[in-house]
Structure formats: C-alpha cells, structure tokens
$ cat coords.txt   # compact mmCIF, C-alpha atoms
# COMPACT_ATOMS: atom_id res chain seq x y z
CA MET A 1 -1.43 17.22 -10.37
CA THR A 2 -4.42 15.94 -8.41
CA ALA A 3 -6.16 12.93 -9.91
CA PRO A 4 -9.89 12.99 -10.71
CA THR A 5 -12.04 12.51 -7.63
CA PRO A 6 -15.29 10.57 -7.26
CA SER A 7 -17.28 13.79 -7.52
CA ASP A 8 -16.43 17.39 -8.34
CA SER A 9 -14.26 19.89 -6.47
CA GLU A 10 -16.98 20.23 -3.83
CA ALA A 11 -16.38 16.68 -2.63
CA PRO A 12 -15.55 16.94 1.09
CA LEU A 13 -12.12 15.31 0.74
CA HIS A 14 -11.20 16.82 -2.62
CA GLY A 15 -7.43 17.40 -2.68
CA VAL A 16 -6.66 14.86 0.06
CA ARG A 17 -4.31 12.11 -1.10
CA VAL A 18 -4.22 8.73 0.65
CA LEU A 19 -1.63 5.97 0.24
CA ASP A 20 -3.36 2.69 1.01
CA LEU A 21 -1.17 -0.27 1.94
CA THR A 22 -4.07 -2.34 3.27
CA ARG A 23 -5.56 -5.61 2.03
CA LEU A 24 -8.70 -7.69 2.34
CA LEU A 25 -11.55 -5.96 4.24
CA PRO A 26 -11.11 -3.50 7.18
CA GLY A 27 -8.47 -1.23 5.65
CA PRO A 28 -9.91 -1.24 2.13
CA VAL A 29 -13.39 -0.38 3.48
CA CYS A 30 -11.87 2.46 5.52
CA THR A 31 -10.18 3.89 2.43
CA LEU A 32 -13.29 3.18 0.33
CA HIS A 33 -15.15 5.65 2.54
CA LEU A 34 -12.37 8.20 2.04
CA ALA A 35 -12.39 7.62 -1.72
CA ASP A 36 -16.16 7.96 -1.95
CA LEU A 37 -15.84 11.27 -0.09
CA GLY A 38 -13.49 12.54 -2.79
CA ALA A 39 -9.99 11.61 -1.61
CA ASP A 40 -7.46 10.44 -4.18
CA VAL A 41 -6.79 6.97 -2.78
CA ILE A 42 -3.76 5.23 -4.23
CA LYS A 43 -3.76 1.53 -3.49
CA VAL A 44 -0.14 0.43 -3.07
CA GLU A 45 0.17 -3.29 -3.83
CA ASP A 46 3.19 -5.55 -4.02
CA THR A 47 4.48 -6.79 -7.35
CA GLY A 48 3.51 -10.39 -6.63
CA ALA A 49 -0.06 -11.39 -5.88
CA GLY A 50 -1.07 -7.93 -4.72
CA ASP A 51 -4.17 -7.68 -2.59
CA TYR A 52 -5.23 -11.32 -2.40
CA ALA A 53 -8.86 -10.24 -2.08
CA ARG A 54 -8.69 -9.94 -5.87
CA ALA A 55 -8.93 -13.71 -6.18
CA LEU A 56 -11.36 -14.36 -3.32
CA GLY A 57 -13.94 -16.79 -4.72
CA ALA A 58 -13.26 -15.67 -8.28
CA LYS A 59 -12.62 -17.85 -11.31
CA PRO A 60 -8.96 -18.06 -12.43
CA GLY A 61 -7.93 -14.81 -14.07
CA ALA A 62 -11.03 -12.94 -12.89
CA THR A 63 -11.36 -10.28 -10.21
CA SER A 64 -13.67 -11.10 -7.33
CA ALA A 65 -16.90 -9.20 -6.71
CA PHE A 66 -15.62 -8.70 -3.16
CA PHE A 67 -12.54 -6.80 -4.38
CA ARG A 68 -14.51 -4.72 -6.86
CA MET A 69 -16.99 -3.70 -4.16
CA VAL A 70 -14.47 -2.26 -1.72
CA ASN A 71 -11.88 -0.80 -4.09
CA ARG A 72 -13.85 1.44 -6.45
CA ASN A 73 -12.75 5.06 -6.88
CA LYS A 74 -9.12 4.12 -6.17
CA ARG A 75 -5.97 3.94 -8.24
CA SER A 76 -3.41 1.14 -8.01
CA VAL A 77 0.37 1.15 -8.09
CA ALA A 78 2.47 -1.98 -7.69
CA LEU A 79 5.81 -1.53 -5.91
CA ASP A 80 8.29 -3.95 -4.40
CA LEU A 81 8.93 -2.29 -1.04
CA LYS A 82 11.70 -4.81 -0.32
CA ASP A 83 13.62 -3.26 -3.21
CA ALA A 84 15.35 0.04 -2.44
CA ARG A 85 13.94 1.62 -5.59
CA GLY A 86 10.43 0.56 -4.71
CA ARG A 87 10.83 1.91 -1.18
CA ASP A 88 12.26 5.19 -2.47
CA ALA A 89 9.35 5.48 -4.90
CA PHE A 90 6.89 5.01 -2.04
CA LEU A 91 8.58 7.75 -0.02
CA ALA A 92 8.44 9.99 -3.09
CA LEU A 93 4.68 9.39 -3.19
CA ALA A 94 4.47 10.06 0.55
CA ARG A 95 6.04 13.53 0.11
CA ARG A 96 2.82 14.57 -1.66
CA ALA A 97 0.38 12.57 0.44
CA ASP A 98 -1.80 13.52 3.36
CA VAL A 99 -2.57 10.06 4.75
CA VAL A 100 -0.97 6.62 4.84
CA VAL A 101 -3.03 3.62 5.96
CA GLU A 102 -1.48 0.20 6.62
CA SER A 103 -2.74 -3.04 8.15
CA PHE A 104 0.32 -5.25 8.57
CA ARG A 105 1.23 -6.81 11.89
CA PRO A 106 3.26 -4.53 14.17
CA GLY A 107 6.85 -4.20 13.02
CA VAL A 108 6.35 -5.10 9.35
CA VAL A 109 6.31 -1.57 7.93
CA ALA A 110 9.40 -0.71 9.97
CA SER A 111 11.22 -3.68 8.45
CA LEU A 112 10.24 -2.38 5.00
CA GLY A 113 11.45 1.14 5.80
CA VAL A 114 8.03 2.76 5.26
CA ASP A 115 6.83 3.16 8.86
CA TYR A 116 5.61 6.39 10.45
CA GLU A 117 9.11 7.57 11.38
CA ALA A 118 10.37 7.07 7.82
CA VAL A 119 7.37 8.78 6.26
CA ARG A 120 7.18 11.74 8.59
CA ALA A 121 10.87 12.39 7.94
CA VAL A 122 9.88 13.32 4.37
CA ARG A 123 6.35 14.58 5.16
CA PRO A 124 5.99 16.05 8.69
CA SER A 125 2.26 16.69 8.22
CA ILE A 126 1.46 13.07 7.37
CA VAL A 127 -1.39 11.27 9.11
CA TYR A 128 -0.22 7.67 9.39
CA ALA A 129 -2.79 5.07 10.47
CA SER A 130 -2.13 1.45 11.43
CA ILE A 131 -5.10 -0.93 11.61
CA THR A 132 -4.42 -4.20 13.43
CA GLY A 133 -6.30 -6.79 15.42
CA TYR A 134 -4.98 -5.88 18.86
CA GLY A 135 -3.05 -2.63 18.36
CA GLN A 136 0.63 -1.74 18.47
CA THR A 137 1.02 -2.35 22.21
CA GLY A 138 0.00 -4.95 24.78
CA PRO A 139 0.69 -8.69 25.19
CA ARG A 140 -1.37 -9.70 22.12
CA ALA A 141 -0.09 -6.98 19.79
CA LYS A 142 1.55 -9.40 17.36
CA ALA A 143 -1.01 -12.20 17.63
CA ALA A 144 -3.02 -13.32 14.63
CA GLY A 145 -6.78 -12.94 14.71
CA HIS A 146 -10.03 -12.59 12.83
CA ASP A 147 -13.36 -10.95 13.57
CA ILE A 148 -14.52 -13.95 15.62
CA ASN A 149 -11.46 -13.67 17.89
CA TYR A 150 -11.79 -9.93 18.47
CA LEU A 151 -15.49 -10.32 19.30
CA GLY A 152 -14.63 -13.20 21.60
CA TYR A 153 -12.13 -11.19 23.61
CA ALA A 154 -14.40 -8.12 23.72
CA GLY A 155 -17.31 -9.94 25.39
CA VAL A 156 -19.53 -9.46 22.33
CA LEU A 157 -19.66 -13.07 21.17
CA ASP A 158 -20.65 -14.29 24.63
CA GLN A 159 -23.80 -12.17 24.50
CA THR A 160 -24.89 -13.06 20.96
CA GLY A 161 -27.14 -16.06 20.40
CA THR A 162 -30.34 -17.77 21.50
CA ARG A 163 -31.39 -18.94 24.92
CA GLY A 164 -29.43 -22.04 25.91
CA GLY A 165 -27.59 -22.13 22.60
CA PRO A 166 -23.97 -21.51 21.60
CA PRO A 167 -22.62 -18.08 20.68
CA ALA A 168 -24.03 -17.05 17.30
CA LEU A 169 -21.84 -16.02 14.37
CA SER A 170 -22.69 -13.26 11.92
CA ASN A 171 -21.31 -12.73 8.42
CA LEU A 172 -21.46 -9.00 9.11
CA GLN A 173 -17.96 -8.60 10.51
CA ILE A 174 -18.63 -6.33 13.47
CA ALA A 175 -15.06 -5.88 14.70
CA ASP A 176 -13.55 -5.67 11.23
CA LEU A 177 -15.98 -3.06 9.95
CA LEU A 178 -16.98 -1.13 13.07
CA GLY A 179 -13.65 -1.46 14.85
CA GLY A 180 -11.32 -1.52 11.85
CA ALA A 181 -12.95 0.47 9.06
CA LEU A 182 -15.23 3.07 10.64
CA THR A 183 -13.18 3.66 13.78
CA ALA A 184 -10.07 4.21 11.68
CA ALA A 185 -11.88 6.55 9.28
CA VAL A 186 -13.10 8.72 12.18
CA ALA A 187 -9.64 8.93 13.74
CA ILE A 188 -7.96 9.61 10.39
CA LEU A 189 -10.34 12.44 9.54
CA ALA A 190 -9.84 14.01 12.97
CA ALA A 191 -6.07 13.86 12.50
CA VAL A 192 -6.31 15.32 8.98
CA VAL A 193 -8.27 18.31 10.32
CA ALA A 194 -5.61 18.83 12.99
CA ALA A 195 -2.80 18.51 10.43
CA GLN A 196 -4.42 21.08 8.15
CA ARG A 197 -4.76 23.45 11.09
CA THR A 198 -1.31 22.98 12.63
CA GLY A 199 0.89 21.44 9.94
CA ARG A 200 1.77 18.60 12.32
CA GLY A 201 0.92 15.03 11.46
CA ARG A 202 -0.26 12.27 13.79
CA TYR A 203 0.17 8.56 14.25
CA VAL A 204 -3.16 6.71 14.54
CA ASP A 205 -3.14 3.27 16.20
CA VAL A 206 -6.43 1.41 15.68
CA ALA A 207 -7.16 -2.03 17.16
CA MET A 208 -10.21 -3.91 15.92
CA ALA A 209 -10.61 -5.64 19.28
CA ASP A 210 -10.63 -2.23 20.98
CA GLY A 211 -13.30 -1.04 18.57
CA ALA A 212 -15.53 -4.00 19.41
CA LEU A 213 -15.05 -3.48 23.16
CA ALA A 214 -15.65 0.27 22.97
CA HIS A 215 -19.04 -0.28 21.33
CA ASN A 216 -20.19 -3.13 23.59
CA ILE A 217 -22.28 -0.59 25.43
CA PHE A 218 -25.50 -2.35 26.34
CA SER A 219 -23.69 -5.24 28.02
CA LEU A 220 -21.56 -2.81 30.04
CA HIS A 221 -24.73 -1.01 31.07
CA ALA A 222 -26.13 -4.31 32.40
CA LEU A 223 -22.90 -5.10 34.21
CA GLU A 224 -22.77 -1.68 35.85
CA GLN A 225 -26.47 -1.56 36.65
CA ALA A 226 -27.06 -5.10 37.87
CA GLY A 227 -23.57 -6.38 38.57
CA ARG A 228 -23.83 -9.03 35.86
CA THR A 229 -24.78 -9.56 32.25
CA MET A 230 -27.71 -11.78 31.38
CA PRO A 231 -27.10 -15.11 29.66
CA ARG A 232 -27.34 -14.81 25.90
CA GLY A 233 -30.89 -15.05 24.69
CA GLU A 234 -32.23 -13.69 27.98
CA ASP A 235 -31.25 -10.05 27.67
CA LEU A 236 -33.71 -7.30 26.70
CA LEU A 237 -32.33 -7.22 23.14
CA THR A 238 -31.61 -10.91 22.57
CA GLY A 239 -35.03 -12.46 23.09
CA GLY A 240 -35.46 -12.19 26.85
CA VAL A 241 -38.81 -10.38 26.58
CA PRO A 242 -41.79 -10.99 24.25
CA CYS A 243 -41.88 -7.49 22.74
CA TYR A 244 -38.43 -7.70 21.16
CA GLY A 245 -37.52 -10.73 19.11
CA VAL A 246 -38.02 -12.73 15.94
CA TYR A 247 -41.01 -14.96 15.33
CA PRO A 248 -41.49 -17.66 12.65
CA THR A 249 -44.30 -17.41 10.10
CA LYS A 250 -46.31 -20.15 8.44
CA ASP A 251 -44.08 -20.28 5.36
CA GLY A 252 -40.82 -20.63 7.25
CA ARG A 253 -39.96 -16.95 7.17
CA TRP A 254 -39.50 -14.58 10.13
CA LEU A 255 -40.93 -11.37 11.52
CA ALA A 256 -38.85 -8.91 13.52
CA VAL A 257 -40.83 -7.45 16.40
CA GLY A 258 -39.20 -4.43 18.02
CA ALA A 259 -42.08 -3.06 20.07
CA LEU A 260 -40.05 -1.99 23.11
CA GLU A 261 -42.18 1.04 23.90
CA ASP A 262 -45.57 0.44 25.50
CA LYS A 263 -47.45 2.31 22.75
CA PHE A 264 -45.96 0.07 20.06
CA TRP A 265 -46.64 -3.11 22.02
CA ARG A 266 -50.27 -2.17 22.54
CA THR A 267 -50.59 -1.57 18.81
CA VAL A 268 -49.06 -4.98 18.08
CA CYS A 269 -51.49 -6.74 20.38
CA THR A 270 -54.44 -4.86 18.89
CA THR A 271 -53.33 -5.59 15.31
CA ILE A 272 -53.03 -9.35 15.92
CA GLY A 273 -56.31 -9.43 17.85
CA ARG A 274 -54.73 -10.35 21.18
CA PRO A 275 -55.29 -7.46 23.61
CA ASP A 276 -54.97 -10.01 26.41
CA LEU A 277 -51.21 -10.09 25.79
CA VAL A 278 -50.67 -6.39 26.57
CA ALA A 279 -49.65 -7.14 30.14
CA GLY A 280 -46.91 -9.46 28.89
CA HIS A 281 -44.96 -6.63 27.30
CA LEU A 282 -41.74 -7.09 29.31
CA ALA A 283 -42.57 -10.39 30.98
CA VAL A 284 -39.70 -12.69 31.89
CA GLY A 285 -39.45 -16.17 33.37
CA ASP A 286 -42.42 -18.51 32.96
CA GLU A 287 -44.82 -15.71 32.04
CA GLY A 288 -42.44 -14.41 29.39
CA ALA A 289 -42.11 -17.90 27.97
CA ARG A 290 -45.92 -18.26 27.88
CA VAL A 291 -46.39 -14.96 26.01
CA ARG A 292 -43.65 -15.80 23.52
CA ALA A 293 -45.29 -19.18 22.89
CA GLU A 294 -48.62 -17.44 22.25
CA LEU A 295 -46.93 -15.13 19.77
CA ASP A 296 -45.20 -18.08 18.08
CA ALA A 297 -48.65 -19.63 17.53
CA VAL A 298 -50.26 -16.41 16.29
CA PHE A 299 -47.50 -15.43 13.88
CA GLY A 300 -47.03 -19.04 12.79
CA ALA A 301 -50.63 -19.22 11.56
CA ARG A 302 -50.05 -16.81 8.64
CA THR A 303 -47.42 -16.29 5.96
CA LEU A 304 -44.89 -13.51 6.01
CA ALA A 305 -46.71 -11.76 3.16
CA ASP A 306 -49.93 -11.88 5.16
CA TRP A 307 -48.25 -10.22 8.15
CA VAL A 308 -46.50 -7.62 6.00
CA ALA A 309 -49.90 -6.70 4.56
CA ARG A 310 -51.52 -6.71 8.00
CA PHE A 311 -48.87 -4.40 9.48
CA GLY A 312 -48.56 -2.22 6.39
CA GLY A 313 -49.11 1.35 7.55
CA VAL A 314 -49.24 0.27 11.19
CA ASP A 315 -46.68 2.13 13.31
CA ALA A 316 -45.60 -0.72 15.58
CA CYS A 317 -41.99 -1.65 14.67
CA VAL A 318 -42.97 -5.00 13.15
CA THR A 319 -41.10 -5.75 9.95
CA PRO A 320 -40.08 -8.69 7.77
CA VAL A 321 -36.71 -10.37 8.12
CA ALA A 322 -35.67 -9.79 4.53
CA THR A 323 -33.21 -11.81 2.51
CA LEU A 324 -30.39 -9.81 0.94
CA ASP A 325 -31.88 -10.05 -2.55
CA GLU A 326 -35.11 -8.63 -1.11
CA ALA A 327 -33.18 -5.88 0.63
CA LEU A 328 -31.56 -4.90 -2.67
CA ARG A 329 -35.06 -4.38 -4.13
CA ASP A 330 -36.47 -2.61 -1.08
CA GLU A 331 -38.26 0.64 -1.90
CA GLN A 332 -36.72 2.55 1.00
CA PHE A 333 -33.16 1.64 0.03
CA ALA A 334 -34.05 2.44 -3.59
CA ALA A 335 -35.31 5.87 -2.57
CA ARG A 336 -32.05 6.47 -0.72
CA GLY A 337 -29.96 5.31 -3.69
CA MET A 338 -28.23 2.70 -1.56
CA VAL A 339 -27.77 0.06 -4.27
CA VAL A 340 -25.32 0.76 -7.07
CA THR A 341 -25.54 -1.33 -10.24
CA GLY A 342 -22.48 -1.40 -12.47
CA ALA A 343 -22.35 -1.64 -16.24
CA ASP A 344 -21.80 -5.37 -15.87
CA GLY A 345 -24.92 -5.71 -13.71
CA ALA A 346 -22.95 -6.31 -10.52
CA HIS A 347 -24.27 -4.71 -7.34
CA SER A 348 -22.48 -2.74 -4.65
CA TYR A 349 -23.53 -0.32 -1.93
CA ALA A 350 -23.51 3.44 -2.01
CA PRO A 351 -22.03 5.26 0.99
CA PRO A 352 -24.44 5.21 3.96
CA TRP A 353 -24.76 9.00 4.09
CA THR A 354 -25.69 11.97 1.97
CA ILE A 355 -23.85 15.27 2.19
CA SER A 356 -25.23 18.47 0.74
CA GLY A 357 -23.22 19.81 -2.17
CA HIS A 358 -21.67 16.41 -2.90
CA ALA A 359 -23.25 13.83 -5.17
CA PHE A 360 -21.70 10.39 -4.83
CA ARG A 361 -20.77 8.61 -8.02
CA VAL A 362 -18.52 5.79 -9.12
CA ALA A 363 -15.85 7.72 -11.01
CA ARG A 364 -13.70 4.66 -11.60
CA ASP A 365 -14.13 0.94 -11.18
CA ALA A 366 -11.76 -1.01 -8.94
CA PRO A 367 -8.32 -0.87 -10.55
CA THR A 368 -6.31 -3.72 -11.96
CA GLN A 369 -3.09 -4.39 -10.10
CA GLY A 370 -0.55 -1.69 -10.99
CA GLU A 371 -2.93 -0.06 -13.47
CA HIS A 372 -1.80 3.43 -12.50
CA THR A 373 1.82 2.78 -11.54
CA ALA A 374 3.41 4.85 -14.29
CA GLU A 375 0.84 7.64 -13.98
CA VAL A 376 1.23 8.00 -10.22
CA LEU A 377 5.03 7.76 -10.25
CA ARG A 378 5.17 10.53 -12.88
CA GLU A 379 2.99 12.66 -10.59
CA ALA A 380 5.59 12.09 -7.85
CA GLY A 381 8.28 13.57 -10.08
CA ILE A 382 9.96 10.33 -11.15
CA ASP A 383 11.02 10.56 -14.80
CA GLY A 384 9.97 8.13 -17.47
CA ALA A 385 13.40 6.51 -17.87
CA GLU A 386 13.60 5.69 -14.16
CA ILE A 387 10.07 4.31 -14.19
CA GLU A 388 10.91 2.02 -17.09
CA ALA A 389 14.08 0.93 -15.29
CA MET A 390 11.99 0.05 -12.25
CA PHE A 391 9.65 -2.04 -14.37
CA ALA A 392 12.58 -3.83 -15.98
CA ALA A 393 14.15 -4.60 -12.60
CA GLY A 394 10.90 -5.79 -11.03
CA ALA A 395 10.84 -2.95 -8.48
CA ALA A 396 7.50 -1.87 -9.91
CA ARG A 397 4.79 -3.45 -12.03
CA ARG A 398 2.36 -2.03 -14.53
$ encode --input "coords.txt" --output "structure tokens"
Amino acid sequence: MTAPTPSDSEAPLHGVRVLDLTRLLPGPVCTLHLADLGADVIKVEDTGAGDYARALGAKPGATSAFFRMVNRNKRSVALDLKDARGRDAFLALARRADVVVESFRPGVVASLGVDYEAVRAVRPSIVYASITGYGQTGPRAKAAGHDINYLGYAGVLDQTGTRGGPPALSNLQIADLLGGALTAAVAILAAVVAAQRTGRGRYVDVAMADGALAHNIFSLHALEQAGRTMPRGEDLLTGGVPCYGVYPTKDGRWLAVGALEDKFWRTVCTTIGRPDLVAGHLAVGDEGARVRAELDAVFGARTLADWVARFGGVDACVTPVATLDEALRDEQFAARGMVVTGADGAHSYAPPWTISGHAFRVARDAPTQGEHTAEVLREAGIDGAEIEAMFAAGAARR
C-alpha cells in the first residue's frame, strides 16, 4: 500500500518510496524536495535521540522550527539498526523502496549492515545515495567538516568578502544546500529514471566539497582567462566595479545595484541625476574608487524608502537589500506562493518551482520520532505480534 503523497496521483514522484537515513540539513533538504514532489519519504531514525535537528534551538520537549521546516511531508520510523531485528526490518522496508539516502561518514552504514551491497542484495533496482563532506574516496574521505570547510577547500571562501577584508561568511550554506541537497537530488532522480528503464539500480556518491567546487564557475573563468583570480572585493561581482555592488542609504540600509549592462547603468545615472558618471561604468583602480565614492555620497543622501520609490518602475536592476521578514512579505514571493504559513503561524518555504498538473501542498506536518513505525512496518509485511515484540525489546520505537 502506497502512503498518501503531498499532492494527488499526478505528483511527479507519486509511487516512489524513499528511505531517508539522513540528519540535520543537506540530506533532509534533499529528501524534502523529493517529498514535496510526491515521493513517500520514510525518515528512518534511531531509537535514541533520533535526528538531533529536532532539538536545535528548541525549548525542552519542543520540536525546533528548523526540523519542522525540512521534514514536512515525510513519515518517521524509529529502528535500532545495531539490533538484528531493527536491521532486518530496515531491509524489509528496502525490498519495497526505490531510493535510500544516507549521510553518515564512509564505512558507517557498512558496519550497520545496511550499505548499498546489503540493500541491493534484496532490491537490485535500488538507487542508493550517500551524501558526505568529501565523498567515499580520496585522502579526506573520512574527515569531519562543515559548510565553511568545504567552501574553504573549494576556493569559494577565498573569493567572498570585501576589498582588503577577511573572507565573508554566509548563513546560506552554499556547499550543504547546493552541493549536498540539490546535487544529490539531481543525481538521485537521474538514477531513478535509469532504474525504471532498465531495472538496475545505481550507487550515488555525492560530496558537498565537490558540489561547491563544481559550481565555482566565475572564479575558474577568471583563472583560465587571465591566469589568476582577483583578490576578493576586486572582482567584477564582488565590488570591483561601480555598476555592481551594494551602497549604504541615509537610514543605515543598503541598495543592491546590479547594472552590469550599459543600458542599465545609463538608466541608473540618469535616475540619480548623475549622467557624468556614465563613463565610470566598469572603472577600476583610482577611477573606480572615485566613482564608487560618488555613488556612496549620492545614495547616502536619501533613505532606502526614498530610493525604492525613485527606482519604482525603472528597469535598471537597482533593488533594496531586504531583511528576511521583509522578504516574507514581498509581493513577488507572495504571487509565487513561496511562503507557507502553518496552522500554528510558523513560516516555511514552498518548493522553488511550479510544475503543471501538480499543485504543491503540505499533506502532513513534520512527524514525531517513530510516529509511523507500526504503520510502515505493517506495510513491509511484518505482522503485529513481531512489531510489538520489537517495541518491547527496544529494536523499534513508536
């Protein structure tokens, strides 16, 4: 029996079942995308703390907003994979699954007896994806890391920041989400299509550091074109030219100016009453510094609201630097249905796409740990007496 999906039977991934062994952010966001597309995602947690994102910043006994955001439209089972009965139950689930996603360090799933070899022995068509920091091979394969480390190795962090300043940090985890979540989702979906066509499964090895490196395109372009990258803050896209950068306003806010094309830059200069600055479009060195200083003075003479009104309806790529609470109220995002408000008033994001014939909805809130253990094990053909015995022995948790 296939569990209810986030939409109807026209959901793109309707009928695809995913066993999700991941925790925290990259893996859960990957499987969130699959769940929102209609897959039946079963979150497999241990019988102890489970996914420790549940408690991240939350009051004792409460579930964090972070966890709720990235685990909607999923079911949860709690199994002790170190117990033979828990491991056997997982393999029983795998016999009816299409995808397994895990994010342990290399070697952990093999020690638990639920690695790709064990799963494909019972389900040859399985797509089995491992998401790690550095991948399953190479000298750093088993090293610990976080987003900052992957970006550091990939040459991304070196290029991010202001002129003469240190590397800048972002709380948008580029490697985790681009390298770990989206890259994995793309590879998984490709392997699922192949498995449906051929009946043969695939092993997918995703490294977050690789994902960051593979998308560090503009810096590679500079290296190939000029033989070197520019110092951070001096590149075309990091403040090296007047037409592309952020400028402070009178009230301590910021404007984002992205007038790379000549036609946009001319419009900017006309709108602010400074046609004399047109020639400084792509100026560098002392002249670039002079033009940027002029723009600092011009934009700093008015408030952000004044500039938003002035550029309203002007096609020049000049926009406010919004705070997140402003972004959540933004009319464009509202028109696109990008902000989801739950019954409790909590906000989350809708998927960043629309697909004809499929209307996204939140079919189920993030599950409590083990909420669906009995239900899912019954679907795998395990009888009620055995399920109760597993609960009594601690091999599973409801």
$ closest_residue --input "coords.txt" --among "A:Asp36, A:Asp176, A:Asp210, A:Asp46" --to "A:Trp353" --atoms "all atoms listed in the file"
A:Asp36
$ residues_around --input "coords.txt" --residues "A:Ala187" --least-positions-apart "6" --cutoff "10 Å" --atoms "only C-alpha atoms" --output "PyMOL selection string"
chain A and resi 127+129+202-206
$ write_last_selection --input "coords.txt" --atoms "C-alpha atoms" --output "PDB file, in the frame of the given file"
ATOM      1  CA  VAL A 127      -1.390  11.270   9.110  1.00  0.00           C
ATOM      2  CA  ALA A 129      -2.790   5.070  10.470  1.00  0.00           C
ATOM      3  CA  ARG A 202      -0.260  12.270  13.790  1.00  0.00           C
ATOM      4  CA  TYR A 203       0.170   8.560  14.250  1.00  0.00           C
ATOM      5  CA  VAL A 204      -3.160   6.710  14.540  1.00  0.00           C
ATOM      6  CA  ASP A 205      -3.140   3.270  16.200  1.00  0.00           C
ATOM      7  CA  VAL A 206      -6.430   1.410  15.680  1.00  0.00           C
TER       8      VAL A 206
END
$ residues_around --input "coords.txt" --residues "A:Val114" --least-positions-apart "4" --cutoff "8 Å" --atoms "all atoms listed in the file" --output "ChimeraX atom specification"
/A:87,90-91,109-110,118-119
$ closest_residue --input "coords.txt" --among "A:Leu220, A:Met338, A:Ala212, A:Ala256" --to "A:Pro351" --atoms "all atoms listed in the file"
A:Met338
$ residues_around --input "coords.txt" --residues "stretch 235-250 of chain A" --least-positions-apart "2" --cutoff "7 Å" --atoms "all atoms listed in the file" --output "mmCIF file with C-alpha atoms, keeping the file's coordinate frame"
data_model
loop_
_atom_site.group_PDB
_atom_site.id
_atom_site.type_symbol
_atom_site.label_atom_id
_atom_site.label_comp_id
_atom_site.auth_asym_id
_atom_site.auth_seq_id
_atom_site.Cartn_x
_atom_site.Cartn_y
_atom_site.Cartn_z
ATOM 1 C CA MET A 230 -27.710 -11.780 31.380
ATOM 2 C CA PRO A 231 -27.100 -15.110 29.660
ATOM 3 C CA ARG A 232 -27.340 -14.810 25.900
ATOM 4 C CA GLY A 233 -30.890 -15.050 24.690
ATOM 5 C CA GLY A 252 -40.820 -20.630 7.250
ATOM 6 C CA ARG A 253 -39.960 -16.950 7.170
ATOM 7 C CA TRP A 254 -39.500 -14.580 10.130
ATOM 8 C CA LEU A 255 -40.930 -11.370 11.520
ATOM 9 C CA ALA A 256 -38.850 -8.910 13.520
ATOM 10 C CA VAL A 257 -40.830 -7.450 16.400
ATOM 11 C CA GLY A 258 -39.200 -4.430 18.020
ATOM 12 C CA ALA A 259 -42.080 -3.060 20.070
ATOM 13 C CA LEU A 260 -40.050 -1.990 23.110
ATOM 14 C CA TRP A 265 -46.640 -3.110 22.020
ATOM 15 C CA HIS A 281 -44.960 -6.630 27.300
ATOM 16 C CA LEU A 282 -41.740 -7.090 29.310
ATOM 17 C CA ALA A 283 -42.570 -10.390 30.980
ATOM 18 C CA VAL A 284 -39.700 -12.690 31.890
ATOM 19 C CA GLY A 288 -42.440 -14.410 29.390
ATOM 20 C CA VAL A 291 -46.390 -14.960 26.010
ATOM 21 C CA ARG A 292 -43.650 -15.800 23.520
ATOM 22 C CA ASP A 296 -45.200 -18.080 18.080
ATOM 23 C CA PHE A 299 -47.500 -15.430 13.880
ATOM 24 C CA GLY A 300 -47.030 -19.040 12.790
ATOM 25 C CA ALA A 301 -50.630 -19.220 11.560
ATOM 26 C CA ARG A 302 -50.050 -16.810 8.640
ATOM 27 C CA THR A 303 -47.420 -16.290 5.960
ATOM 28 C CA LEU A 304 -44.890 -13.510 6.010
#
$ closest_residue --input "coords.txt" --among "A:Gly50, A:Gly180, A:Gly313, A:Gly201" --to "A:Pro367" --atoms "only C-alpha atoms"
A:Gly50
$ closest_residue --input "coords.txt" --among "A:Leu32, A:Ala78, A:Ile131, A:Ala222" --to "A:His372" --atoms "all atoms listed in the file"
A:Ala78
$ closest_residue --input "coords.txt" --among "A:Thr323, A:Arg96, A:Ala335, A:Arg72" --to "A:Val122" --atoms "only C-alpha atoms"
A:Arg96
$ residues_around --input "coords.txt" --residues "A:Arg361" --least-positions-apart "3" --cutoff "12 Å" --atoms "all atoms listed in the file" --output "number ranges by chain"
A: 5-8, 11, 35-38, 72-73, 337-342, 348-351, 354, 358, 364-365
$ closest_residue --input "coords.txt" --among "A:Leu34, A:Ala393, A:Ile382, A:Ala226" --to "A:Pro12" --atoms "only C-alpha atoms"
A:Leu34
$ atom_distance --input "coords.txt" --atom1 "atom CA of A:Ala195" --atom2 "atom CA of A:Arg120"
12.2 Å
$ atom_distance --input "coords.txt" --atom1 "atom CA of A:Ala97" --atom2 "atom CA of A:Asp40"
9.3 Å
$ atom_distance --input "coords.txt" --atom1 "atom CA of A:Ala363" --atom2 "atom CA of A:Ala39"
11.7 Å
$ residues_around --input "coords.txt" --residues "A:Glu388" --least-positions-apart "2" --cutoff "12 Å" --atoms "all atoms listed in the file" --output "VMD selection string"
chain A and resid 85 373 to 375 377 to 378 382 to 386 390 to 398
$ residues_near_point --input "coords.txt" --point "(-11.6, -4.3, -3.1)" --cutoff "8 Å" --atoms "all atoms listed in the file" --output "PyMOL selection string"
chain A and resi 24-25+28-29+53-54+66-72+366
$ decode --input "coords.txt" --residues "stretch 145-156 of chain A" --atoms "N, CA and C atoms" --output "tab-separated table (two decimals), in the first residue's frame"
chain	number	residue	atom	x	y	z
A	145	GLY	N	33.79	17.78	8.71
A	145	GLY	CA	33.74	19.08	8.06
A	145	GLY	C	32.38	19.71	8.16
A	146	HIS	N	32.34	21.00	7.89
A	146	HIS	CA	31.09	21.75	7.80
A	146	HIS	C	31.16	22.63	6.55
A	147	ASP	N	30.09	23.33	6.28
A	147	ASP	CA	29.99	24.15	5.09
A	147	ASP	C	31.22	25.05	4.91
A	148	ILE	N	31.66	25.68	5.99
A	148	ILE	CA	32.80	26.59	5.93
A	148	ILE	C	34.06	25.88	5.44
A	149	ASN	N	34.24	24.62	5.83
A	149	ASN	CA	35.42	23.86	5.43
A	149	ASN	C	35.36	23.47	3.96
A	150	TYR	N	34.18	23.05	3.50
A	150	TYR	CA	34.04	22.65	2.10
A	150	TYR	C	34.25	23.87	1.18
A	151	LEU	N	33.70	25.02	1.59
A	151	LEU	CA	33.88	26.24	0.80
A	151	LEU	C	35.34	26.68	0.82
A	152	GLY	N	36.00	26.46	1.95
A	152	GLY	CA	37.41	26.80	2.05
A	152	GLY	C	38.26	25.99	1.09
A	153	TYR	N	38.07	24.70	1.06
A	153	TYR	CA	38.83	23.84	0.16
A	153	TYR	C	38.51	24.11	-1.31
A	154	ALA	N	37.27	24.49	-1.60
A	154	ALA	CA	36.82	24.64	-2.99
A	154	ALA	C	37.17	26.00	-3.59
A	155	GLY	N	37.88	26.85	-2.86
A	155	GLY	CA	38.26	28.15	-3.39
A	155	GLY	C	37.14	29.16	-3.42
A	156	VAL	N	36.00	28.83	-2.81
A	156	VAL	CA	34.87	29.75	-2.79
A	156	VAL	C	35.05	30.81	-1.70
